[in-house]
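**Q** Sharing my_file32.csv (CSV, C-alpha atoms and all ligand atoms) below.
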chain,number,residue,atom,x,y,z
J,1,MET,CA,0.0,0.0,0.0
J,2,ARG,CA,1.2,3.5,-0.8
J,3,ILE,CA,0.3,6.4,1.4
J,4,GLU,CA,1.5,10.0,0.7
J,5,GLU,CA,0.7,13.3,2.4
J,6,ASN,CA,0.3,16.7,0.6
J,7,TYR,CA,0.5,14.9,-2.7
J,8,PRO,CA,0.8,16.7,-6.0
J,9,LEU,CA,-1.9,15.7,-8.5
J,10,GLU,CA,-0.5,17.4,-11.6
J,11,LYS,CA,0.3,14.0,-13.1
J,12,HIS,CA,-3.1,12.5,-12.0
J,13,ASN,CA,-5.3,14.9,-14.0
J,14,THR,CA,-5.1,15.4,-17.8
J,15,PHE,CA,-5.7,19.2,-17.5
J,16,HIS,CA,-2.4,19.1,-15.6
J,17,LEU,CA,-3.7,21.4,-12.9
J,18,PRO,CA,-1.1,22.0,-10.2
J,19,VAL,CA,-3.4,21.0,-7.3
J,20,LYS,CA,-2.6,18.8,-4.2
J,21,SER,CA,-4.5,16.4,-2.1
J,22,ARG,CA,-4.3,16.1,1.7
J,23,TRP,CA,-3.7,12.4,1.3
J,24,PHE,CA,-3.1,10.0,-1.6
J,25,MET,CA,-3.6,6.2,-1.0
J,26,GLU,CA,-3.0,3.5,-3.5
J,27,TYR,CA,-4.0,-0.1,-2.8
J,28,GLY,CA,-2.5,-3.1,-4.6
J,29,ASP,CA,-5.2,-5.7,-3.8
J,30,GLU,CA,-8.7,-6.2,-2.3
J,31,GLU,CA,-7.3,-6.9,1.2
J,32,GLU,CA,-5.6,-3.5,1.2
J,33,LEU,CA,-8.7,-1.8,-0.1
J,34,LEU,CA,-10.8,-3.3,2.7
J,35,ARG,CA,-8.2,-2.1,5.3
J,36,ILE,CA,-8.6,1.4,4.0
J,37,LEU,CA,-12.4,1.3,3.9
J,38,ARG,CA,-12.6,0.0,7.5
J,39,ASP,CA,-10.2,2.6,8.8
J,40,GLU,CA,-12.0,5.1,11.1
J,41,TYR,CA,-9.9,8.1,9.9
J,42,PHE,CA,-10.7,7.2,6.3
J,43,GLN,CA,-14.4,7.0,7.1
J,44,GLU,CA,-14.4,10.5,8.7
J,45,CYS,CA,-12.5,12.1,5.7
J,46,LEU,CA,-13.8,13.3,2.4
J,47,SER,CA,-12.6,10.9,-0.2
J,48,LEU,CA,-12.5,10.5,-4.0
J,49,HIS,CA,-11.5,7.4,-6.0
J,50,ILE,CA,-9.7,8.4,-9.2
J,51,GLY,CA,-8.4,6.6,-12.3
J,52,SER,CA,-6.1,8.6,-14.6
J,53,GLY,CA,-8.0,11.9,-14.0
J,54,SER,CA,-9.0,12.3,-17.7
J,55,ASN,CA,-12.5,13.3,-16.8
J,56,LEU,CA,-11.9,15.5,-13.8
J,57,LEU,CA,-11.7,19.2,-13.2
J,58,PHE,CA,-10.0,20.1,-9.9
J,59,ILE,CA,-11.3,23.6,-8.9
J,60,ASP,CA,-8.8,23.7,-6.1
J,61,ASP,CA,-6.6,21.6,-3.8
J,62,TYR,CA,-8.5,18.5,-2.5
J,63,ASN,CA,-8.8,18.5,1.3
J,64,GLY,CA,-9.4,14.8,1.6
J,65,ILE,CA,-8.1,11.4,0.6
J,66,ILE,CA,-7.6,10.5,-3.1
J,67,LEU,CA,-7.9,6.8,-3.5
J,68,HIS,CA,-6.3,4.9,-6.5
J,69,SER,CA,-6.3,1.3,-7.5
J,70,ALA,CA,-3.2,-0.6,-8.6
J,71,ILE,CA,-5.2,-3.8,-9.2
J,72,LYS,CA,-4.2,-5.1,-12.7
J,73,GLY,CA,-4.5,-8.3,-14.7
J,74,ILE,CA,-6.4,-9.6,-17.8
J,75,LYS,CA,-7.7,-13.2,-17.6
J,76,VAL,CA,-9.9,-15.3,-19.8
J,77,VAL,CA,-12.6,-16.6,-17.4
J,78,LYS,CA,-14.9,-18.4,-19.9
J,79,GLU,CA,-15.1,-19.4,-23.6
J,80,THR,CA,-17.7,-20.6,-26.0
J,81,PRO,CA,-17.2,-21.3,-29.7
J,82,GLU,CA,-18.5,-17.8,-30.4
J,83,GLU,CA,-17.4,-15.6,-27.4
J,84,VAL,CA,-14.7,-15.0,-25.0
J,85,PHE,CA,-15.2,-13.6,-21.5
J,86,LEU,CA,-12.4,-11.5,-20.1
J,87,ARG,CA,-12.0,-10.3,-16.5
J,88,ILE,CA,-9.9,-7.1,-16.2
J,89,GLY,CA,-8.5,-5.4,-13.2
J,90,ALA,CA,-9.7,-1.8,-12.7
J,91,ALA,CA,-6.3,-0.2,-12.9
J,92,GLU,CA,-5.5,-1.6,-16.4
J,93,ILE,CA,-5.0,1.3,-18.8
J,94,TRP,CA,-8.1,1.1,-21.1
J,95,ASP,CA,-6.3,1.5,-24.4
J,96,ASP,CA,-3.9,-1.3,-23.5
J,97,VAL,CA,-6.9,-3.6,-23.0
J,98,VAL,CA,-8.2,-2.6,-26.4
J,99,ALA,CA,-4.8,-3.2,-28.0
J,100,TYR,CA,-4.5,-6.6,-26.4
J,101,THR,CA,-8.0,-7.8,-27.5
J,102,VAL,CA,-7.5,-6.5,-31.0
J,103,ALA,CA,-4.1,-8.3,-31.2
J,104,GLU,CA,-5.9,-11.6,-30.2
J,105,GLY,CA,-8.4,-11.0,-33.1
J,106,TRP,CA,-11.4,-10.6,-30.7
J,107,GLY,CA,-14.1,-8.0,-31.7
J,108,GLY,CA,-16.1,-5.5,-29.7
J,109,LEU,CA,-13.6,-2.9,-28.4
J,110,GLU,CA,-12.0,-1.6,-31.6
J,111,ASN,CA,-14.3,1.5,-31.8
J,112,LEU,CA,-13.3,2.4,-28.3
J,113,SER,CA,-9.6,2.7,-29.2
J,114,GLY,CA,-7.6,5.6,-27.9
J,115,ILE,CA,-9.8,6.7,-25.1
J,116,PRO,CA,-7.6,7.8,-22.2
J,117,GLY,CA,-8.1,6.4,-18.7
J,118,GLU,CA,-8.4,3.2,-16.7
J,119,THR,CA,-10.7,0.2,-17.0
J,120,GLY,CA,-12.6,0.8,-13.7
J,121,ALA,CA,-13.5,4.4,-14.7
J,122,ALA,CA,-14.5,3.2,-18.2
J,123,ALA,CA,-17.3,1.2,-16.5
J,124,VAL,CA,-18.3,4.2,-14.4
J,125,GLN,CA,-18.5,6.5,-17.4
J,126,ASN,CA,-20.0,4.0,-19.9
J,127,ILE,CA,-17.3,5.3,-22.3
J,128,GLY,CA,-18.4,5.6,-25.9
J,129,ALA,CA,-17.2,6.5,-29.4
J,130,TYR,CA,-18.0,5.8,-33.0
J,131,GLY,CA,-21.4,4.2,-32.3
J,132,THR,CA,-20.2,1.8,-29.6
J,133,GLU,CA,-20.5,2.1,-25.8
J,134,LEU,CA,-18.9,0.0,-23.2
J,135,LYS,CA,-22.3,-1.3,-22.1
J,136,ASP,CA,-22.6,-3.1,-25.5
J,137,VAL,CA,-19.8,-5.5,-24.4
J,138,LEU,CA,-19.9,-5.4,-20.6
J,139,GLU,CA,-21.0,-8.5,-18.8
J,140,SER,CA,-20.6,-7.4,-15.2
J,141,VAL,CA,-18.7,-5.3,-12.7
J,142,ASP,CA,-17.1,-6.4,-9.4
J,143,ALA,CA,-17.4,-3.7,-6.8
J,144,TYR,CA,-17.1,-3.0,-3.1
J,145,ASN,CA,-19.8,-0.9,-1.4
J,146,GLN,CA,-17.7,1.8,0.3
J,147,LEU,CA,-20.1,2.0,3.3
J,148,THR,CA,-21.0,-1.6,4.0
J,149,PHE,CA,-17.7,-3.2,2.6
J,150,GLU,CA,-19.9,-5.8,0.8
J,151,LYS,CA,-18.5,-7.1,-2.4
J,152,LYS,CA,-20.9,-7.7,-5.2
J,153,THR,CA,-20.9,-8.7,-8.9
J,154,ILE,CA,-23.2,-6.2,-10.5
J,155,THR,CA,-24.8,-7.3,-13.8
J,156,ASN,CA,-24.9,-5.1,-16.9
J,157,GLU,CA,-28.6,-4.5,-16.4
J,158,GLU,CA,-28.1,-3.5,-12.7
J,159,CYS,CA,-25.5,-0.9,-13.8
J,160,LEU,CA,-28.4,1.2,-15.2
J,161,TYR,CA,-26.3,2.4,-18.2
J,162,GLY,CA,-27.2,5.4,-20.2
J,163,TYR,CA,-25.4,8.0,-22.3
J,164,ARG,CA,-22.2,8.6,-20.2
J,165,ASP,CA,-24.3,7.6,-17.2
J,166,SER,CA,-24.5,4.6,-14.7
J,167,LEU,CA,-25.5,3.5,-11.3
J,168,PHE,CA,-21.9,4.4,-10.2
J,169,LYS,CA,-22.6,8.1,-10.9
J,170,ASP,CA,-25.8,8.3,-8.9
J,171,GLU,CA,-24.9,10.3,-5.8
J,172,GLN,CA,-28.1,9.2,-4.0
J,173,LYS,CA,-26.8,5.6,-4.0
J,174,ASP,CA,-24.0,4.2,-1.8
J,175,PRO,CA,-20.6,4.8,-3.4
J,176,GLN,CA,-19.1,1.7,-5.1
J,177,ILE,CA,-15.4,1.0,-5.7
J,178,ILE,CA,-14.9,-1.0,-8.9
J,179,THR,CA,-12.1,-3.6,-8.6
J,180,ALA,CA,-12.6,-5.5,-11.9
J,181,ILE,CA,-15.0,-5.8,-14.9
J,182,THR,CA,-15.9,-8.7,-17.2
J,183,LEU,CA,-16.3,-8.2,-20.9
J,184,ARG,CA,-18.0,-10.4,-23.5
J,185,LEU,CA,-16.1,-10.3,-26.8
J,186,GLN,CA,-16.7,-11.9,-30.2
J,187,LYS,CA,-14.3,-14.6,-31.6
J,188,HIS,CA,-15.7,-14.0,-35.2
J,189,PRO,CA,-16.0,-10.2,-35.2
J,190,VAL,CA,-18.5,-8.2,-37.1
J,191,CYS,CA,-17.2,-4.6,-36.9
J,192,THR,CA,-19.6,-1.6,-36.7
J,193,VAL,CA,-18.5,1.2,-38.9
J,194,CYS,CA,-21.2,3.8,-39.2
J,195,TYR,CA,-19.4,7.2,-38.9
J,196,LYS,CA,-18.5,9.2,-42.0
J,197,GLY,CA,-14.9,10.0,-41.1
J,198,LEU,CA,-14.3,6.4,-40.1
J,199,GLU,CA,-15.9,5.0,-43.3
J,200,GLU,CA,-13.7,7.3,-45.4
J,201,GLU,CA,-10.5,6.2,-43.5
J,202,LEU,CA,-11.4,2.6,-44.1
J,203,GLU,CA,-12.3,2.9,-47.8
J,204,GLY,CA,-10.7,0.0,-49.8
J,205,LYS,CA,-9.5,-1.8,-46.6
J,206,GLU,CA,-10.6,-5.1,-45.1
J,207,ILE,CA,-12.9,-4.3,-42.1
J,208,THR,CA,-11.1,-6.2,-39.3
J,209,PRO,CA,-10.8,-5.1,-35.6
J,210,SER,CA,-7.2,-4.2,-36.2
J,211,GLN,CA,-7.9,-2.0,-39.3
J,212,VAL,CA,-10.8,-0.3,-37.4
J,213,ARG,CA,-8.6,0.4,-34.4
J,214,GLN,CA,-5.9,2.0,-36.7
J,215,ALA,CA,-8.6,4.1,-38.4
J,216,VAL,CA,-10.1,5.2,-35.1
J,217,LEU,CA,-6.7,6.2,-33.8
J,218,THR,CA,-5.9,8.1,-37.0
J,219,VAL,CA,-9.3,10.0,-36.9
J,220,ARG,CA,-9.0,10.7,-33.2
J,221,SER,CA,-5.4,12.1,-33.5
J,222,ARG,CA,-6.7,14.6,-36.2
J,223,LYS,CA,-9.5,15.9,-34.1
J,224,LEU,CA,-8.4,15.7,-30.4
J,225,PRO,CA,-5.5,17.2,-28.6
J,226,ASP,CA,-3.0,14.8,-27.0
J,227,PRO,CA,-3.3,15.5,-23.2
J,228,ALA,CA,0.5,14.9,-22.8
J,229,LYS,CA,1.1,18.0,-25.0
J,230,LEU,CA,-2.0,20.1,-24.3
J,231,GLY,CA,-3.9,19.7,-21.0
J,232,ASN,CA,-7.6,18.8,-21.6
J,233,ALA,CA,-10.3,16.3,-20.5
J,234,GLY,CA,-11.8,15.5,-23.9
J,235,SER,CA,-15.4,16.5,-24.5
J,236,PHE,CA,-16.2,19.1,-21.8
J,237,PHE,CA,-20.0,18.9,-22.2
J,238,LYS,CA,-22.4,16.1,-23.1
J,239,ASN,CA,-24.1,16.3,-26.4
J,240,PRO,CA,-27.7,17.4,-25.6
J,241,ILE,CA,-30.6,15.1,-26.4
J,242,LEU,CA,-33.7,17.0,-27.5
J,243,PRO,CA,-37.4,16.0,-27.7
J,244,ALA,CA,-38.4,15.7,-31.4
J,245,GLU,CA,-40.6,18.8,-31.3
J,246,LYS,CA,-37.8,21.0,-29.9
J,247,TYR,CA,-35.4,19.7,-32.5
J,248,GLN,CA,-37.9,20.4,-35.3
J,249,ARG,CA,-38.3,24.1,-34.1
J,250,LEU,CA,-34.5,24.4,-34.1
J,251,LYS,CA,-34.1,22.8,-37.5
J,252,GLU,CA,-36.5,25.4,-38.9
J,253,ARG,CA,-34.3,28.2,-37.6
J,254,TYR,CA,-31.0,26.5,-38.3
J,255,PRO,CA,-31.5,24.1,-41.3
J,256,GLU,CA,-27.8,23.2,-41.3
J,257,ILE,CA,-27.8,21.8,-37.6
J,258,PRO,CA,-26.2,18.4,-37.5
J,259,SER,CA,-28.2,15.6,-35.7
J,260,TYR,CA,-28.3,12.0,-34.7
J,261,PRO,CA,-31.8,10.6,-34.4
J,262,LEU,CA,-32.2,8.1,-31.5
J,263,PRO,CA,-34.4,5.0,-31.5
J,264,ASP,CA,-36.8,6.5,-29.0
J,265,GLY,CA,-37.6,9.5,-31.3
J,266,ARG,CA,-35.4,12.0,-29.5
J,267,VAL,CA,-32.5,13.7,-31.3
J,268,LYS,CA,-28.9,14.1,-30.2
J,269,VAL,CA,-27.2,17.3,-31.4
J,270,PRO,CA,-23.4,17.9,-31.2
J,271,ALA,CA,-22.6,20.3,-28.4
J,272,GLY,CA,-19.4,21.2,-30.3
J,273,TRP,CA,-21.6,22.7,-33.2
J,274,LEU,CA,-23.7,24.8,-30.8
J,275,ILE,CA,-20.5,26.1,-29.1
J,276,GLU,CA,-18.9,26.9,-32.5
J,277,GLN,CA,-22.1,28.8,-33.6
J,278,CYS,CA,-21.6,31.0,-30.5
J,279,GLY,CA,-18.2,32.0,-31.7
J,280,PHE,CA,-16.0,30.3,-29.1
J,281,LYS,CA,-14.0,27.9,-31.4
J,282,GLY,CA,-10.3,28.6,-31.4
J,283,LYS,CA,-10.7,31.5,-28.9
J,284,LYS,CA,-8.4,32.1,-26.0
J,285,HIS,CA,-9.5,33.4,-22.6
J,286,GLY,CA,-6.3,34.0,-20.6
J,287,GLU,CA,-4.7,30.6,-20.0
J,288,VAL,CA,-7.8,28.7,-21.2
J,289,GLY,CA,-8.4,27.9,-24.8
J,290,VAL,CA,-11.3,26.4,-26.8
J,291,TYR,CA,-9.6,23.9,-29.1
J,292,ASP,CA,-9.4,25.1,-32.7
J,293,ARG,CA,-10.3,21.7,-34.3
J,294,GLN,CA,-13.1,20.8,-31.9
J,295,ALA,CA,-15.0,23.4,-29.9
J,296,LEU,CA,-16.2,20.8,-27.4
J,297,VAL,CA,-12.7,20.6,-25.9
J,298,LEU,CA,-11.4,23.1,-23.4
J,299,VAL,CA,-7.6,23.2,-23.1
J,300,ASN,CA,-5.1,24.4,-20.6
J,301,LEU,CA,-2.7,26.7,-22.5
J,302,GLY,CA,-0.1,26.4,-19.8
J,303,ASN,CA,-0.9,27.9,-16.5
J,304,ALA,CA,-4.7,27.7,-16.2
J,305,ARG,CA,-6.3,27.1,-12.8
J,306,GLY,CA,-9.4,25.0,-12.4
J,307,TYR,CA,-11.7,27.9,-11.5
J,308,GLU,CA,-10.6,29.7,-14.7
J,309,ILE,CA,-11.6,26.7,-16.8
J,310,ALA,CA,-14.9,26.5,-14.9
J,311,MET,CA,-15.5,30.2,-15.7
J,312,VAL,CA,-14.9,29.8,-19.4
J,313,ALA,CA,-17.2,26.7,-19.3
J,314,GLU,CA,-19.9,28.8,-17.6
J,315,SER,CA,-19.7,31.6,-20.2
J,316,ILE,CA,-20.1,28.9,-23.0
J,317,ARG,CA,-23.1,27.4,-21.2
J,318,LEU,CA,-24.8,30.9,-20.9
J,319,ALA,CA,-24.1,31.8,-24.5
J,320,VAL,CA,-25.5,28.4,-25.8
J,321,GLU,CA,-28.6,28.7,-23.6
J,322,GLU,CA,-29.2,32.3,-24.7
J,323,ARG,CA,-29.0,31.5,-28.4
J,324,PHE,CA,-30.5,28.0,-28.6
J,325,GLY,CA,-32.4,27.6,-25.4
J,326,ILE,CA,-30.4,24.5,-24.6
J,327,LEU,CA,-28.7,23.9,-21.3
J,328,LEU,CA,-25.4,22.1,-21.7
J,329,MET,CA,-24.4,19.6,-19.0
J,330,PRO,CA,-20.8,19.0,-18.2
J,331,GLU,CA,-19.4,15.6,-19.0
J,332,VAL,CA,-16.3,16.4,-16.9
J,333,LYS,CA,-16.7,15.9,-13.2
J,334,TYR,CA,-16.0,19.1,-11.1
J,335,ILE,CA,-14.0,18.4,-7.9
J,336,GLY,CA,-14.1,20.9,-5.0
J,401,LIG,C1,-8.2,13.5,-25.1
J,401,LIG,C2,-9.4,12.8,-24.5
J,401,LIG,C3,-10.3,12.1,-25.3
J,401,LIG,C4,-11.4,11.5,-24.7
J,401,LIG,N1,-12.3,10.8,-25.5
J,401,LIG,C5,-13.4,10.2,-24.9
J,401,LIG,C6,-14.3,9.4,-25.8
J,401,LIG,O1,-14.1,9.3,-27.0
J,401,LIG,N2,-15.3,8.8,-25.2
J,401,LIG,C7,-15.5,8.9,-23.8
J,401,LIG,O2,-16.5,8.3,-23.3
J,401,LIG,N3,-14.7,9.6,-23.0
J,401,LIG,C8,-13.6,10.2,-23.5
J,401,LIG,N4,-12.8,10.9,-22.7
J,401,LIG,C9,-13.0,11.1,-21.3
J,401,LIG,C10,-12.3,10.0,-20.4
J,401,LIG,O3,-11.2,9.5,-21.1
J,401,LIG,C11,-13.2,8.9,-19.9
J,401,LIG,O4,-14.2,9.5,-19.1
J,401,LIG,C12,-12.4,7.9,-19.0
J,401,LIG,O5,-13.2,6.8,-18.8
J,401,LIG,C13,-12.0,8.5,-17.7
J,401,LIG,O6,-11.1,7.5,-17.1
J,401,LIG,P1,-10.1,7.9,-15.9
J,401,LIG,O7,-9.4,6.7,-15.5
J,401,LIG,O8,-9.2,9.0,-16.3
J,401,LIG,O9,-11.1,8.3,-14.8
J,401,LIG,P2,-11.2,9.6,-13.9
J,401,LIG,O10,-11.3,10.8,-14.7
J,401,LIG,O11,-10.0,9.6,-12.9
J,401,LIG,O12,-12.5,9.3,-13.1
J,401,LIG,C14,-13.7,9.3,-13.8
J,401,LIG,C15,-14.9,8.9,-12.8
J,401,LIG,O13,-14.7,7.5,-12.5
J,401,LIG,C16,-14.6,7.4,-11.0
J,401,LIG,N5,-13.7,6.2,-10.8
J,401,LIG,C17,-12.4,6.1,-11.3
J,401,LIG,N6,-12.0,4.8,-11.0
J,401,LIG,C18,-12.9,4.2,-10.2
J,401,LIG,C19,-13.0,3.0,-9.6
J,401,LIG,N7,-12.1,2.0,-9.6
J,401,LIG,N8,-14.2,2.7,-8.9
J,401,LIG,C20,-15.2,3.6,-8.8
J,401,LIG,N9,-15.1,4.8,-9.4
J,401,LIG,C21,-14.0,5.1,-10.1
J,401,LIG,C22,-14.1,8.7,-10.5
J,401,LIG,O14,-14.5,8.9,-9.2
J,401,LIG,C23,-14.9,9.7,-11.5
J,401,LIG,O15,-16.2,9.8,-11.1
J,401,LIG,C24,-11.6,11.6,-23.3
J,401,LIG,C25,-10.7,12.3,-22.5
J,401,LIG,C26,-9.6,12.9,-23.1
J,401,LIG,C27,-8.6,13.6,-22.2
Could you rewrite the structure in this file as structure tokens?
**A**
Amino acid sequence: MRIEENYPLEKHNTFHLPVKSRWFMEYGDEEELLRILRDEYFQECLSLHIGSGSNLLFIDDYNGIILHSAIKGIKVVKETPEEVFLRIGAAEIWDDVVAYTVAEGWGGLENLSGIPGETGAAAVQNIGAYGTELKDVLESVDAYNQLTFEKKTITNEECLYGYRDSLFKDEQKDPQIITAITLRLQKHPVCTVCYKGLEEELEGKEITPSQVRQAVLTVRSRKLPDPAKLGNAGSFFKNPILPAEKYQRLKERYPEIPSYPLPDGRVKVPAGWLIEQCGFKGKKHGEVGVYDRQALVLVNLGNARGYEIAMVAESIRLAVEERFGILLMPEVKYIG
């Protein structure tokens, strides 16, 4: 177990904000995790479990305990002629998992290539890209209830997955600490390629998980800043989902508005387009920038503080609400 006091978190958040936590605790196995959870001092303190910090915005120093898992491992736990079931430790880097499964020739994760972060957090977030979400391949999640210390295997259905949403994000429920997830992958993959940019990239190529992964990585590198070079947390806001009538009214005023119809009749519109229409794309506000290739991404130009990023986000929200009557909700989690 690793315990550090007054711990710098700059390398634990992809905005690279120079904040500190009162304590940082990293456990290597479930026994160590239980020791922490049962500790009276831990129970009295504010605490936050993090992964790689690629979806977090620290407004200030964190006056509590930051918890981090070091539980790794990828294991085949069941096989059928058609499918393979993989159990993966929460601390595995998500994209390493994707690379491993693609190299084995298994299908299901290729569209989720290149998403930063760890495997436990991927199940919290229900990560998604290019028409695939983690819930499409997730069998179950192993988690400890932080308050009762009970360990449970939570089925896909019980995870209550939605668009970047899950049981694990519900603040009314007991907090859960994910130690592992189980995925169900295809041995004879049928890849889903339904995005224009991706289709173009794959033109003339055989559609295999490996080719799709390469295409996804290429398209992503064109559109998104690398957090190692320019601090960011990916999409800052969720894409709003509108009732059909509201979308129709908008379409009349803005015929060029892009849209993705959903099976239930509602329509998803890209938050990046709304932000761009309000004139923010490529603009700088002190040390905070709106990325010039994708207006949905806020970037730390060097010395931004969390509250400055939050202020720019708020001015974007107000402008979009005033012009389109749509309230953007952050995808990024504010801390502090
Ligand atoms: C450049 C860039 C591109 C991105 N592209 C995408 C994309 O295409 N699609 C997408 O969905 N996301 C995307 N993201 C967002 C981000 O990568 C995902 O949300 C990712 O799953 C976060 O993982 P993390 O390990 O960094 O989690 P963190 O940001 O550290 O935490 C995220 C949440 O998970 C919780 N958590 C972490 N670990 C555990 C655990 N073991 N048990 C319980 N709770 C836990 C945290 O408390 C927090 O609520 C992108 C981010 C960046 C920077």
**Q** My list of candidates is J:Glu331, J:Glu110, J:Glu158, J:Glu32. Which is closest to J:Asn55 when distances are computed with all atoms listed in the file?
**A** J:Glu331
**Q** Please provide the set of residues having any atom within 10 Å of J:Thr148, restricted to only C-alpha atoms, with same-chain residues fewer than 4 positions apart removed, written as a PyMOL selection string.
**A** chain J and resi 37-38+144+174-176
**Q** Counting all atoms listed in the file, name the residues that have an atom within 7 Å of an atom of ligand LIG 401 (chain J); the answer should be given as a compact mmCIF listing (two decimals) with C-alpha atoms, in the coordinates of the input.
**A**
# COMPACT_ATOMS: atom_id res chain seq x y z
CA THR J 14 -5.10 15.40 -17.80
CA LEU J 48 -12.50 10.50 -4.00
CA HIS J 49 -11.50 7.40 -6.00
CA ILE J 50 -9.70 8.40 -9.20
CA GLY J 51 -8.40 6.60 -12.30
CA SER J 52 -6.10 8.60 -14.60
CA GLY J 53 -8.00 11.90 -14.00
CA SER J 54 -9.00 12.30 -17.70
CA ASN J 55 -12.50 13.30 -16.80
CA LEU J 56 -11.90 15.50 -13.80
CA SER J 69 -6.30 1.30 -7.50
CA ALA J 90 -9.70 -1.80 -12.70
CA ILE J 115 -9.80 6.70 -25.10
CA PRO J 116 -7.60 7.80 -22.20
CA GLY J 117 -8.10 6.40 -18.70
CA GLU J 118 -8.40 3.20 -16.70
CA THR J 119 -10.70 0.20 -17.00
CA GLY J 120 -12.60 0.80 -13.70
CA ALA J 121 -13.50 4.40 -14.70
CA ALA J 122 -14.50 3.20 -18.20
CA VAL J 124 -18.30 4.20 -14.40
CA GLN J 125 -18.50 6.50 -17.40
CA ASN J 126 -20.00 4.00 -19.90
CA ILE J 127 -17.30 5.30 -22.30
CA GLY J 128 -18.40 5.60 -25.90
CA ALA J 129 -17.20 6.50 -29.40
CA ARG J 164 -22.20 8.60 -20.20
CA PHE J 168 -21.90 4.40 -10.20
CA LYS J 169 -22.60 8.10 -10.90
CA GLN J 176 -19.10 1.70 -5.10
CA ILE J 177 -15.40 1.00 -5.70
CA ILE J 178 -14.90 -1.00 -8.90
CA THR J 179 -12.10 -3.60 -8.60
CA LEU J 224 -8.40 15.70 -30.40
CA PRO J 225 -5.50 17.20 -28.60
CA ASP J 226 -3.00 14.80 -27.00
CA PRO J 227 -3.30 15.50 -23.20
CA ASN J 232 -7.60 18.80 -21.60
CA ALA J 233 -10.30 16.30 -20.50
CA GLY J 234 -11.80 15.50 -23.90
CA SER J 235 -15.40 16.50 -24.50
CA LYS J 333 -16.70 15.90 -13.20
**Q** Could you jot down the atom CA of J:Val190 to atom CA of J:Lys75 separation for me, Å, one decimal place?
**A** 22.8 Å
**Q** Rounded to one decimal place, report the atom CA of J:Gly64-atom CA of J:Gly289 distance in Å.
**A** 29.5 Å
**Q** Which value, in Å to one decimal, gives the distance between atom CA of J:Pro8 and atom CA of J:Leu67?
**A**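 Between atom CA of J:Pro8 and atom CA of J:Leu67 the gap works out to 13.4 Å.
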**Q** Here is a test: counting all atoms listed in the file, which residue of J:Asp136, J:Asp170, J:Asp292, J:Glu92 is nearest to J:Gly108?
**A** J:Asp136
**Q** Quick one: residues within 10 Å of J:Phe280, only C-alpha atoms, excluding same-chain residues fewer than 6 positions away - as a short mmCIF file (atom, residue, chain, number, x, y, z; two decimals) with C-alpha atoms, keeping the file's coordinate frame?
**A**
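What ended up in result_28.cif:
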data_model
loop_
_atom_site.label_atom_id
_atom_site.label_comp_id
_atom_site.auth_asym_id
_atom_site.auth_seq_id
_atom_site.Cartn_x
_atom_site.Cartn_y
_atom_site.Cartn_z
CA GLY J 272 -19.40 21.20 -30.30
CA LEU J 274 -23.70 24.80 -30.80
CA GLY J 289 -8.40 27.90 -24.80
CA VAL J 290 -11.30 26.40 -26.80
CA TYR J 291 -9.60 23.90 -29.10
CA ASP J 292 -9.40 25.10 -32.70
CA ALA J 295 -15.00 23.40 -29.90
CA LEU J 296 -16.20 20.80 -27.40
CA VAL J 312 -14.90 29.80 -19.40
CA SER J 315 -19.70 31.60 -20.20
CA ILE J 316 -20.10 28.90 -23.00
CA ALA J 319 -24.10 31.80 -24.50
#
**Q** Between J:Gln186, J:Val212, J:Glu200, J:Gln146, single out the one closest to J:Leu112, counting all atoms listed in the file.
**A**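 Comparing J:Gln186, J:Val212, J:Glu200, J:Gln146 against J:Leu112, the winner is J:Val212.
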**Q** Determine the nearest neighbour of J:Asn111 from the options J:Gln214, J:Tyr27, J:Lys11, J:Gln248, counting only C-alpha atoms.
**A**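 Closest candidate: J:Gln214.
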**Q** Name the residues in contact with J:Trp23 at a cut-off of 7 Å, using only C-alpha atoms, excluding same-chain residues fewer than 2 positions from it; report them as a list of chain:residue names.
**A**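 Here the qualifying residues turn out to be J:Glu4, J:Glu5, J:Asn6, J:Tyr7, J:Ser21, J:Met25, J:Gly64, J:Ile65, J:Ile66.
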**Q** When you look at stretch 196-198 of chain J with a cut-off of 8 Å (counting only C-alpha atoms), what residues show up, excluding the ones that are within fewer than 4 positions of it in the same chain? I need them as a list in words.
**A** Leu202, Ala215, Val216 and Val219 of chain J
**Q** With all atoms listed in the file as the basis for distance, which of J:Val98, J:Gly325, J:Leu185, J:Val299 is at the shortest distance from J:Phe85?
**A**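 The closest residue to J:Phe85 is J:Leu185.
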**Q** Could you list, as a list in words, every residue within 9 Å of J:Asn156, counting all atoms listed in the file and ignoring same-chain residues fewer than 5 positions away?
**A**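 In the requested format, the answer is Lys135, Leu138, Glu139, Ser140, Val141 and Tyr161 of chain J.
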**Q** Every residue with an atom at most 10 Å from (0.4, 25.8, -21.5) (file coordinates; all atoms listed in the file) is what I'm after, so could you write them as a PyMOL selection string?
**A** chain J and resi 15-16+229-231+287-289+299-304
**Q** Could the residues in this selection be saved with C-alpha atoms as a compact mmCIF listing (two decimals), in the frame of the given file?
**A**
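Output below, filename selection_39.txt:
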# COMPACT_ATOMS: atom_id res chain seq x y z
CA PHE J 15 -5.70 19.20 -17.50
CA HIS J 16 -2.40 19.10 -15.60
CA LYS J 229 1.10 18.00 -25.00
CA LEU J 230 -2.00 20.10 -24.30
CA GLY J 231 -3.90 19.70 -21.00
CA GLU J 287 -4.70 30.60 -20.00
CA VAL J 288 -7.80 28.70 -21.20
CA GLY J 289 -8.40 27.90 -24.80
CA VAL J 299 -7.60 23.20 -23.10
CA ASN J 300 -5.10 24.40 -20.60
CA LEU J 301 -2.70 26.70 -22.50
CA GLY J 302 -0.10 26.40 -19.80
CA ASN J 303 -0.90 27.90 -16.50
CA ALA J 304 -4.70 27.70 -16.20
